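For reference, structure.csv is printed below; it contains CSV, C-alpha atoms and all ligand atoms.
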```
chain,number,residue,atom,x,y,z
A,1,MET,CA,84.6,-50.0,-64.2
A,2,ALA,CA,81.9,-48.3,-66.2
A,3,GLY,CA,81.8,-44.6,-66.8
A,4,VAL,CA,84.3,-42.0,-67.9
A,5,LYS,CA,87.8,-41.6,-66.5
A,6,ILE,CA,88.9,-38.3,-65.2
A,7,TYR,CA,92.6,-37.8,-64.6
A,8,GLY,CA,93.4,-35.1,-62.0
A,9,LYS,CA,93.3,-34.2,-58.3
A,10,PRO,CA,90.2,-33.2,-56.4
A,11,ILE,CA,92.2,-30.3,-54.9
A,12,SER,CA,92.8,-28.8,-58.3
A,13,THR,CA,90.4,-26.1,-59.3
A,14,CYS,CA,90.0,-27.3,-62.9
A,15,THR,CA,89.5,-30.9,-61.9
A,16,ALA,CA,86.9,-29.7,-59.3
A,17,ARG,CA,85.0,-28.0,-62.1
A,18,VAL,CA,84.6,-31.3,-64.0
A,19,LEU,CA,83.9,-33.3,-60.9
A,20,LEU,CA,81.0,-30.9,-60.1
A,21,CYS,CA,79.5,-31.5,-63.5
A,22,LEU,CA,79.8,-35.3,-63.0
A,23,GLU,CA,78.2,-35.1,-59.6
A,24,GLU,CA,75.4,-32.7,-60.8
A,25,VAL,CA,74.4,-35.3,-63.5
A,26,GLY,CA,74.9,-38.2,-61.2
A,27,ALA,CA,77.3,-39.9,-63.6
A,28,GLU,CA,79.4,-42.9,-62.8
A,29,TYR,CA,83.1,-42.0,-63.1
A,30,GLN,CA,86.5,-43.0,-62.1
A,31,LEU,CA,88.9,-40.4,-60.8
A,32,VAL,CA,92.5,-41.4,-61.6
A,33,SER,CA,95.0,-39.6,-59.4
A,34,ILE,CA,97.9,-37.8,-61.1
A,35,ASN,CA,101.0,-37.4,-59.0
A,36,MET,CA,102.0,-33.8,-59.6
A,37,PRO,CA,105.0,-33.6,-57.3
A,38,SER,CA,106.7,-36.5,-59.1
A,39,GLY,CA,105.9,-34.8,-62.5
A,40,GLU,CA,103.5,-37.4,-63.7
A,41,HIS,CA,101.5,-34.7,-65.6
A,42,LYS,CA,104.6,-34.0,-67.7
A,43,GLY,CA,105.3,-37.6,-68.5
A,44,PRO,CA,104.5,-39.2,-71.9
A,45,ALA,CA,101.3,-41.1,-70.7
A,46,HIS,CA,99.7,-37.9,-69.5
A,47,LEU,CA,101.0,-35.7,-72.3
A,48,ALA,CA,99.1,-38.1,-74.7
A,49,ARG,CA,96.0,-37.1,-72.8
A,50,ASN,CA,96.8,-33.4,-72.4
A,51,PRO,CA,99.6,-32.0,-74.6
A,52,PHE,CA,100.0,-29.0,-72.3
A,53,GLY,CA,100.9,-31.3,-69.4
A,54,GLN,CA,98.1,-30.1,-67.2
A,55,ILE,CA,95.2,-31.6,-65.3
A,56,PRO,CA,92.4,-32.5,-65.8
A,57,ALA,CA,91.9,-34.8,-68.8
A,58,LEU,CA,89.0,-37.0,-69.5
A,59,GLU,CA,88.9,-40.4,-71.3
A,60,ASP,CA,85.7,-41.9,-72.6
A,61,GLY,CA,86.5,-44.9,-74.7
A,62,ASP,CA,88.7,-43.7,-77.5
A,63,LEU,CA,87.8,-40.0,-76.9
A,64,VAL,CA,90.4,-38.0,-74.9
A,65,LEU,CA,89.7,-34.4,-73.9
A,66,PHE,CA,91.5,-31.7,-72.0
A,67,GLU,CA,90.4,-28.1,-71.0
A,68,SER,CA,88.0,-28.2,-68.0
A,69,ARG,CA,85.3,-26.0,-69.5
A,70,ALA,CA,85.2,-28.1,-72.7
A,71,ILE,CA,85.2,-31.3,-70.7
A,72,SER,CA,82.4,-29.9,-68.5
A,73,LYS,CA,80.2,-29.3,-71.6
A,74,TYR,CA,80.9,-32.8,-72.9
A,75,VAL,CA,79.9,-34.3,-69.6
A,76,LEU,CA,76.7,-32.2,-69.4
A,77,ARG,CA,75.8,-33.2,-73.0
A,78,LYS,CA,76.6,-36.8,-72.6
A,79,TYR,CA,74.4,-37.1,-69.5
A,80,LYS,CA,71.6,-34.8,-70.5
A,81,GLU,CA,69.1,-37.6,-70.1
A,82,SER,CA,69.8,-37.3,-66.3
A,83,GLY,CA,67.4,-34.4,-66.4
A,84,THR,CA,70.0,-31.9,-65.1
A,85,ASP,CA,70.1,-29.2,-67.8
A,86,LEU,CA,73.0,-26.9,-67.1
A,87,LEU,CA,73.5,-25.8,-70.7
A,88,LYS,CA,70.0,-24.9,-71.8
A,89,GLU,CA,70.7,-26.1,-75.3
A,90,GLY,CA,67.0,-26.4,-76.1
A,91,ASN,CA,66.7,-22.6,-75.9
A,92,LEU,CA,68.7,-20.4,-78.2
A,93,ALA,CA,68.6,-17.3,-76.0
A,94,GLU,CA,69.2,-19.1,-72.7
A,95,SER,CA,72.1,-21.2,-74.1
A,96,ALA,CA,73.7,-18.0,-75.4
A,97,MET,CA,73.5,-16.4,-72.0
A,98,VAL,CA,75.1,-19.5,-70.5
A,99,GLU,CA,78.0,-19.0,-73.0
A,100,VAL,CA,78.2,-15.3,-72.2
A,101,TRP,CA,78.7,-15.8,-68.5
A,102,LEU,CA,80.9,-18.8,-68.9
A,103,GLU,CA,83.2,-16.6,-71.0
A,104,ALA,CA,82.9,-13.9,-68.3
A,105,GLU,CA,84.1,-16.5,-65.8
A,106,SER,CA,87.1,-17.6,-67.9
A,107,GLN,CA,88.1,-14.2,-69.3
A,108,GLN,CA,87.2,-11.7,-66.5
A,109,TYR,CA,86.7,-13.4,-63.2
A,110,ASN,CA,89.3,-16.1,-63.4
A,111,PRO,CA,92.2,-13.8,-64.3
A,112,ALA,CA,91.3,-11.5,-61.4
A,113,ILE,CA,90.7,-14.1,-58.7
A,114,SER,CA,93.3,-16.7,-59.5
A,115,PRO,CA,96.4,-14.7,-58.6
A,116,ILE,CA,94.9,-13.8,-55.2
A,117,VAL,CA,94.3,-17.5,-54.5
A,118,TRP,CA,97.6,-18.5,-55.9
A,119,GLN,CA,99.6,-15.9,-53.9
A,120,SER,CA,97.7,-16.1,-50.6
A,121,LEU,CA,96.9,-19.8,-50.4
A,122,ILE,CA,98.9,-22.0,-52.8
A,123,VAL,CA,102.3,-20.2,-52.5
A,124,PRO,CA,102.5,-20.4,-48.7
A,125,LYS,CA,100.6,-23.7,-48.2
A,126,MET,CA,102.0,-25.8,-51.0
A,127,TYR,CA,105.4,-24.2,-51.7
A,128,GLY,CA,106.3,-22.7,-48.4
A,129,GLY,CA,106.8,-19.3,-50.1
A,130,THR,CA,106.0,-15.7,-49.3
A,131,PRO,CA,102.9,-14.2,-51.0
A,132,ASP,CA,103.6,-11.2,-53.3
A,133,GLN,CA,101.4,-8.5,-51.8
A,134,ALA,CA,101.7,-6.3,-54.9
A,135,ILE,CA,100.1,-9.0,-57.1
A,136,ILE,CA,97.4,-9.6,-54.5
A,137,ASP,CA,96.6,-5.9,-54.2
A,138,SER,CA,96.4,-5.2,-58.0
A,139,SER,CA,94.3,-8.4,-58.5
A,140,LEU,CA,91.9,-7.4,-55.7
A,141,GLU,CA,91.3,-4.1,-57.5
A,142,LYS,CA,90.5,-6.0,-60.7
A,143,LEU,CA,88.3,-8.5,-58.9
A,144,LYS,CA,86.3,-5.6,-57.3
A,145,LYS,CA,85.6,-4.2,-60.7
A,146,VAL,CA,84.4,-7.6,-61.9
A,147,LEU,CA,82.2,-8.0,-58.8
A,148,GLU,CA,80.5,-4.7,-59.4
A,149,VAL,CA,79.4,-6.0,-62.8
A,150,TYR,CA,78.2,-9.3,-61.1
A,151,GLU,CA,76.4,-7.4,-58.4
A,152,ALA,CA,74.4,-5.5,-61.0
A,153,ARG,CA,73.7,-8.7,-63.0
A,154,LEU,CA,72.6,-10.7,-59.9
A,155,SER,CA,70.3,-7.9,-58.6
A,156,LYS,CA,68.3,-8.5,-61.8
A,157,SER,CA,68.4,-12.3,-62.1
A,158,LYS,CA,68.9,-15.0,-59.5
A,159,TYR,CA,71.7,-16.7,-61.4
A,160,LEU,CA,74.3,-15.4,-63.9
A,161,ALA,CA,72.7,-16.6,-67.1
A,162,GLY,CA,69.1,-15.9,-65.9
A,163,ASN,CA,66.7,-17.3,-63.3
A,164,PHE,CA,68.1,-20.8,-63.7
A,165,PHE,CA,71.3,-22.4,-62.3
A,166,SER,CA,73.7,-23.3,-65.1
A,167,LEU,CA,77.3,-24.2,-65.9
A,168,ALA,CA,78.1,-20.5,-65.8
A,169,ASP,CA,77.4,-20.4,-62.1
A,170,LEU,CA,79.0,-23.8,-61.4
A,171,SER,CA,82.2,-22.8,-63.2
A,172,HIS,CA,82.9,-20.0,-60.6
A,173,PHE,CA,82.9,-22.5,-57.8
A,174,PRO,CA,86.5,-23.8,-57.5
A,175,PHE,CA,88.4,-20.5,-57.3
A,176,THR,CA,85.7,-18.8,-55.2
A,177,ARG,CA,85.8,-21.7,-52.8
A,178,TYR,CA,89.5,-21.1,-52.3
A,179,LEU,CA,89.2,-17.3,-52.1
A,180,MET,CA,86.8,-18.0,-49.1
A,181,ILE,CA,89.6,-19.6,-47.1
A,182,THR,CA,92.0,-16.7,-47.7
A,183,PRO,CA,92.2,-13.4,-45.7
A,184,TYR,CA,90.5,-11.8,-48.7
A,185,ALA,CA,87.1,-13.6,-48.4
A,186,SER,CA,85.6,-10.4,-46.9
A,187,VAL,CA,85.7,-8.7,-50.4
A,188,PHE,CA,82.4,-10.4,-51.0
A,189,GLU,CA,80.8,-8.6,-48.1
A,190,SER,CA,80.4,-5.4,-50.2
A,191,TYR,CA,78.3,-7.2,-52.8
A,192,PRO,CA,75.1,-8.6,-51.2
A,193,HIS,CA,73.6,-10.1,-54.3
A,194,VAL,CA,76.9,-11.9,-55.1
A,195,LYS,CA,77.1,-13.1,-51.6
A,196,ALA,CA,73.5,-14.5,-51.7
A,197,TRP,CA,74.3,-16.2,-55.0
A,198,TRP,CA,77.4,-17.8,-53.5
A,199,GLU,CA,75.5,-19.0,-50.5
A,200,ASP,CA,72.8,-20.4,-52.8
A,201,ILE,CA,75.1,-22.3,-55.1
A,202,THR,CA,77.3,-23.7,-52.3
A,203,SER,CA,74.2,-25.3,-50.7
A,204,ARG,CA,73.9,-27.7,-53.6
A,205,PRO,CA,74.8,-31.4,-52.6
A,206,ALA,CA,77.3,-31.7,-55.5
A,207,PHE,CA,79.2,-28.6,-54.3
A,208,LYS,CA,79.3,-29.9,-50.7
A,209,LYS,CA,80.7,-33.3,-52.0
A,210,VAL,CA,83.4,-31.8,-54.3
A,211,SER,CA,84.3,-29.2,-51.7
A,212,ALA,CA,85.1,-31.9,-49.2
A,213,GLY,CA,88.0,-33.1,-51.4
A,214,MET,CA,89.5,-29.6,-51.8
A,215,LEU,CA,92.1,-27.8,-49.6
A,216,GLY,CA,91.0,-26.5,-46.3
A,217,SER,CA,88.3,-29.1,-45.7
B,1,LIG,C1,93.9,-25.1,-67.1
B,1,LIG,C2,94.4,-26.3,-66.5
B,1,LIG,C3,95.4,-26.0,-65.3
B,1,LIG,O1,95.8,-24.9,-65.1
B,1,LIG,C4,91.7,-26.0,-67.9
B,1,LIG,O2,91.7,-27.3,-67.8
B,1,LIG,O3,90.7,-25.3,-67.7
B,1,LIG,N1,92.7,-24.1,-68.9
B,1,LIG,C5,93.0,-25.3,-68.3
B,1,LIG,N2,95.7,-27.1,-64.5
B,1,LIG,C6,96.7,-26.9,-63.5
B,1,LIG,C7,96.1,-27.4,-62.2
B,1,LIG,S1,94.9,-26.3,-61.5
B,1,LIG,O4,93.5,-27.0,-61.9
B,1,LIG,C8,97.9,-27.7,-63.8
B,1,LIG,O5,97.8,-28.8,-64.3
B,1,LIG,N3,99.1,-27.1,-63.5
B,1,LIG,C9,100.3,-27.8,-63.7
B,1,LIG,C10,101.1,-27.2,-64.8
B,1,LIG,O6,100.7,-26.2,-65.4
B,1,LIG,O7,102.3,-27.6,-65.0
```

As structure tokens, please, write out the structure in this file.
Amino acid sequence: MAGVKIYGKPISTCTARVLLCLEEVGAEYQLVSINMPSGEHKGPAHLARNPFGQIPALEDGDLVLFESRAISKYVLRKYKESGTDLLKEGNLAESAMVEVWLEAESQQYNPAISPIVWQSLIVPKMYGGTPDQAIIDSSLEKLKKVLEVYEARLSKSKYLAGNFFSLADLSHFPFTRYLMITPYASVFESYPHVKAWWEDITSRPAFKKVSAGMLGS
């Protein structure tokens, strides 16, 4: 089959990030399922693709990549002829702003939101465990501080990097998508510009398609 191979699971947030990019550019790709419960991601075949034993990984001929944000950039560069320009690499200032907000996603937003999703959704649903409320509460406080910054930013521009949709916006999708099916979704209600931004980006066809393969669909 033509196209790149992506090893992962559609329910995985980091896999979903890459799938969104592939869908946005309309690329042909093959999703190869990795059996996490059986530990396939820690076996030699997958460790050769991702030495940290995590998903996703991408294979394009002899090139093998891991780290979902790096894979995402590769996909967007490889398929830039598609006309979908989510990196703005032709413009120094715009591309720098995409990088700034992509870093904000991975260094500020992700560390605050992921423990809430992990504790309130993954722990009970996938492991049958009890959520640790102290972790949820402290992470919610962190997330609110991050959302205040996002609210200020999104009251000045339609999207995070400027008045154009970019990888920076897309990258926020997987964890936010899961936060929205936890009891903590209402945290977004206090930030009207963030909420409008979320409604805008989730109306994109690629988001609807990838979302359908995630938990809670
Ligand atoms: C994180 C990958 C990751 O946490 C990236 O690709 O962006 N920084 C990396 N993958 C999780 C699944 S959530 O999408 C994973 O593989 N967990 C299993 C494990 O760590 O053993």

- Message: One decimal, in Å: what's the spacing between atom CA of Lys156 of chain A and atom CA of Asp200 of chain A?
- Response: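 Straight-line distance from atom CA of Lys156 of chain A to atom CA of Asp200 of chain A works out to 15.6 Å.
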
- Query: For Val117 of chain A, which residue among A:Leu143, A:Leu179, A:Leu22, A:Leu63 is the nearest when counting all atoms listed in the file?
  - Reply: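 Once distances to Val117 of chain A are computed over all atoms listed in the file, the minimum belongs to A:Leu179.
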
- Could you tell me which of A:Leu20, A:Ile55, A:Ile113, A:Ile181 comes closest to Lys209 of chain A if we count all atoms listed in the file? A:Leu20

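With distances taken over all atoms listed in the file, A:Ser12 is the one residue among A:Thr84, A:Gln30, A:Ser12, A:Ser95 lying closest to Gly213 of chain A.
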
- Message: Which residues are near ligand LIG 1 (chain B) - at most 7 Å, using all atoms listed in the file? Format: as a ChimeraX atom specification.
- Response: /A:12-15,53-56,66-69

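Using all atoms listed in the file, the nearest neighbour of Ala93 of chain A within the list A:Val25, A:Ile34, A:Ala161, A:Lys9 is A:Ala161.
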
- Message: Ranking A:Pro51, A:Glu105, A:Glu99, A:Val146 by minimum distance to Phe188 of chain A and counting all atoms listed in the file, which one comes first?
- Response: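 Using all atoms listed in the file, the shortest distance to Phe188 of chain A belongs to A:Val146.
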
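Distance annotation: of A:Ser33, A:Ile122, A:Gly3, A:Ala16, the residue with the minimal separation from Val210 of chain A is A:Ala16; atom set is all atoms listed in the file.
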
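One finds atom CA of Arg17 of chain A at 27.5 Å from atom CA of Gln133 of chain A.
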
- Query: Which residues come within 12 Å of Asp132 of chain A, counting only C-alpha atoms, excluding same-chain residues fewer than 2 positions away, as a count of residues only?
  - Reply: 18

Non-local contacts of Ser217 of chain A (12 Å; only C-alpha atoms; under 2 positions in same chain excluded) as a PDB file with C-alpha atoms, in the frame of the given file:
```pdb
ATOM      1  CA  PRO A  10      90.200 -33.200 -56.400  1.00  0.00           C
ATOM      2  CA  ILE A  11      92.200 -30.300 -54.900  1.00  0.00           C
ATOM      3  CA  ARG A 177      85.800 -21.700 -52.800  1.00  0.00           C
ATOM      4  CA  TYR A 178      89.500 -21.100 -52.300  1.00  0.00           C
ATOM      5  CA  MET A 180      86.800 -18.000 -49.100  1.00  0.00           C
ATOM      6  CA  ILE A 181      89.600 -19.600 -47.100  1.00  0.00           C
ATOM      7  CA  LYS A 208      79.300 -29.900 -50.700  1.00  0.00           C
ATOM      8  CA  LYS A 209      80.700 -33.300 -52.000  1.00  0.00           C
ATOM      9  CA  VAL A 210      83.400 -31.800 -54.300  1.00  0.00           C
ATOM     10  CA  SER A 211      84.300 -29.200 -51.700  1.00  0.00           C
ATOM     11  CA  ALA A 212      85.100 -31.900 -49.200  1.00  0.00           C
ATOM     12  CA  GLY A 213      88.000 -33.100 -51.400  1.00  0.00           C
ATOM     13  CA  MET A 214      89.500 -29.600 -51.800  1.00  0.00           C
ATOM     14  CA  LEU A 215      92.100 -27.800 -49.600  1.00  0.00           C
TER      15      LEU A 215
END
```

- Using all atoms listed in the file, find all polymer residues with an atom at most 6 Å away from the point (95.5, -37.7, -67.5); report them as a ChimeraX atom specification. /A:7,46,49,57

- Message: Just to confirm, what's the straight-line distance from atom CA of Lys145 of chain A to atom CA of Ala168 of chain A in Å (one decimal)?
- Response: 18.7 Å

- Write out as a list in words which residues come within 8 Å of Phe173 of chain A when counting all atoms listed in the file, dropping same-chain ones fewer than 2 positions away.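 My list of contacting residues is Arg17, Asp169, Leu170, Ser171, Phe175, Thr176, Arg177, Thr202 and Phe207 of chain A.
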
Please save C-alpha atoms of the selected residues as a short mmCIF file (atom, residue, chain, number, x, y, z; two decimals), in the coordinates of the input.
```
data_model
loop_
_atom_site.label_atom_id
_atom_site.label_comp_id
_atom_site.auth_asym_id
_atom_site.auth_seq_id
_atom_site.Cartn_x
_atom_site.Cartn_y
_atom_site.Cartn_z
CA ARG A 17 85.00 -28.00 -62.10
CA ASP A 169 77.40 -20.40 -62.10
CA LEU A 170 79.00 -23.80 -61.40
CA SER A 171 82.20 -22.80 -63.20
CA PHE A 175 88.40 -20.50 -57.30
CA THR A 176 85.70 -18.80 -55.20
CA ARG A 177 85.80 -21.70 -52.80
CA THR A 202 77.30 -23.70 -52.30
CA PHE A 207 79.20 -28.60 -54.30
#
```

- Item | Contacts of Gly61 of chain A at 9 Å (only C-alpha atoms; same-chain gap of 2+ positions) as JSON, numbers by chain | {"A": [4, 5, 59, 63, 64]}
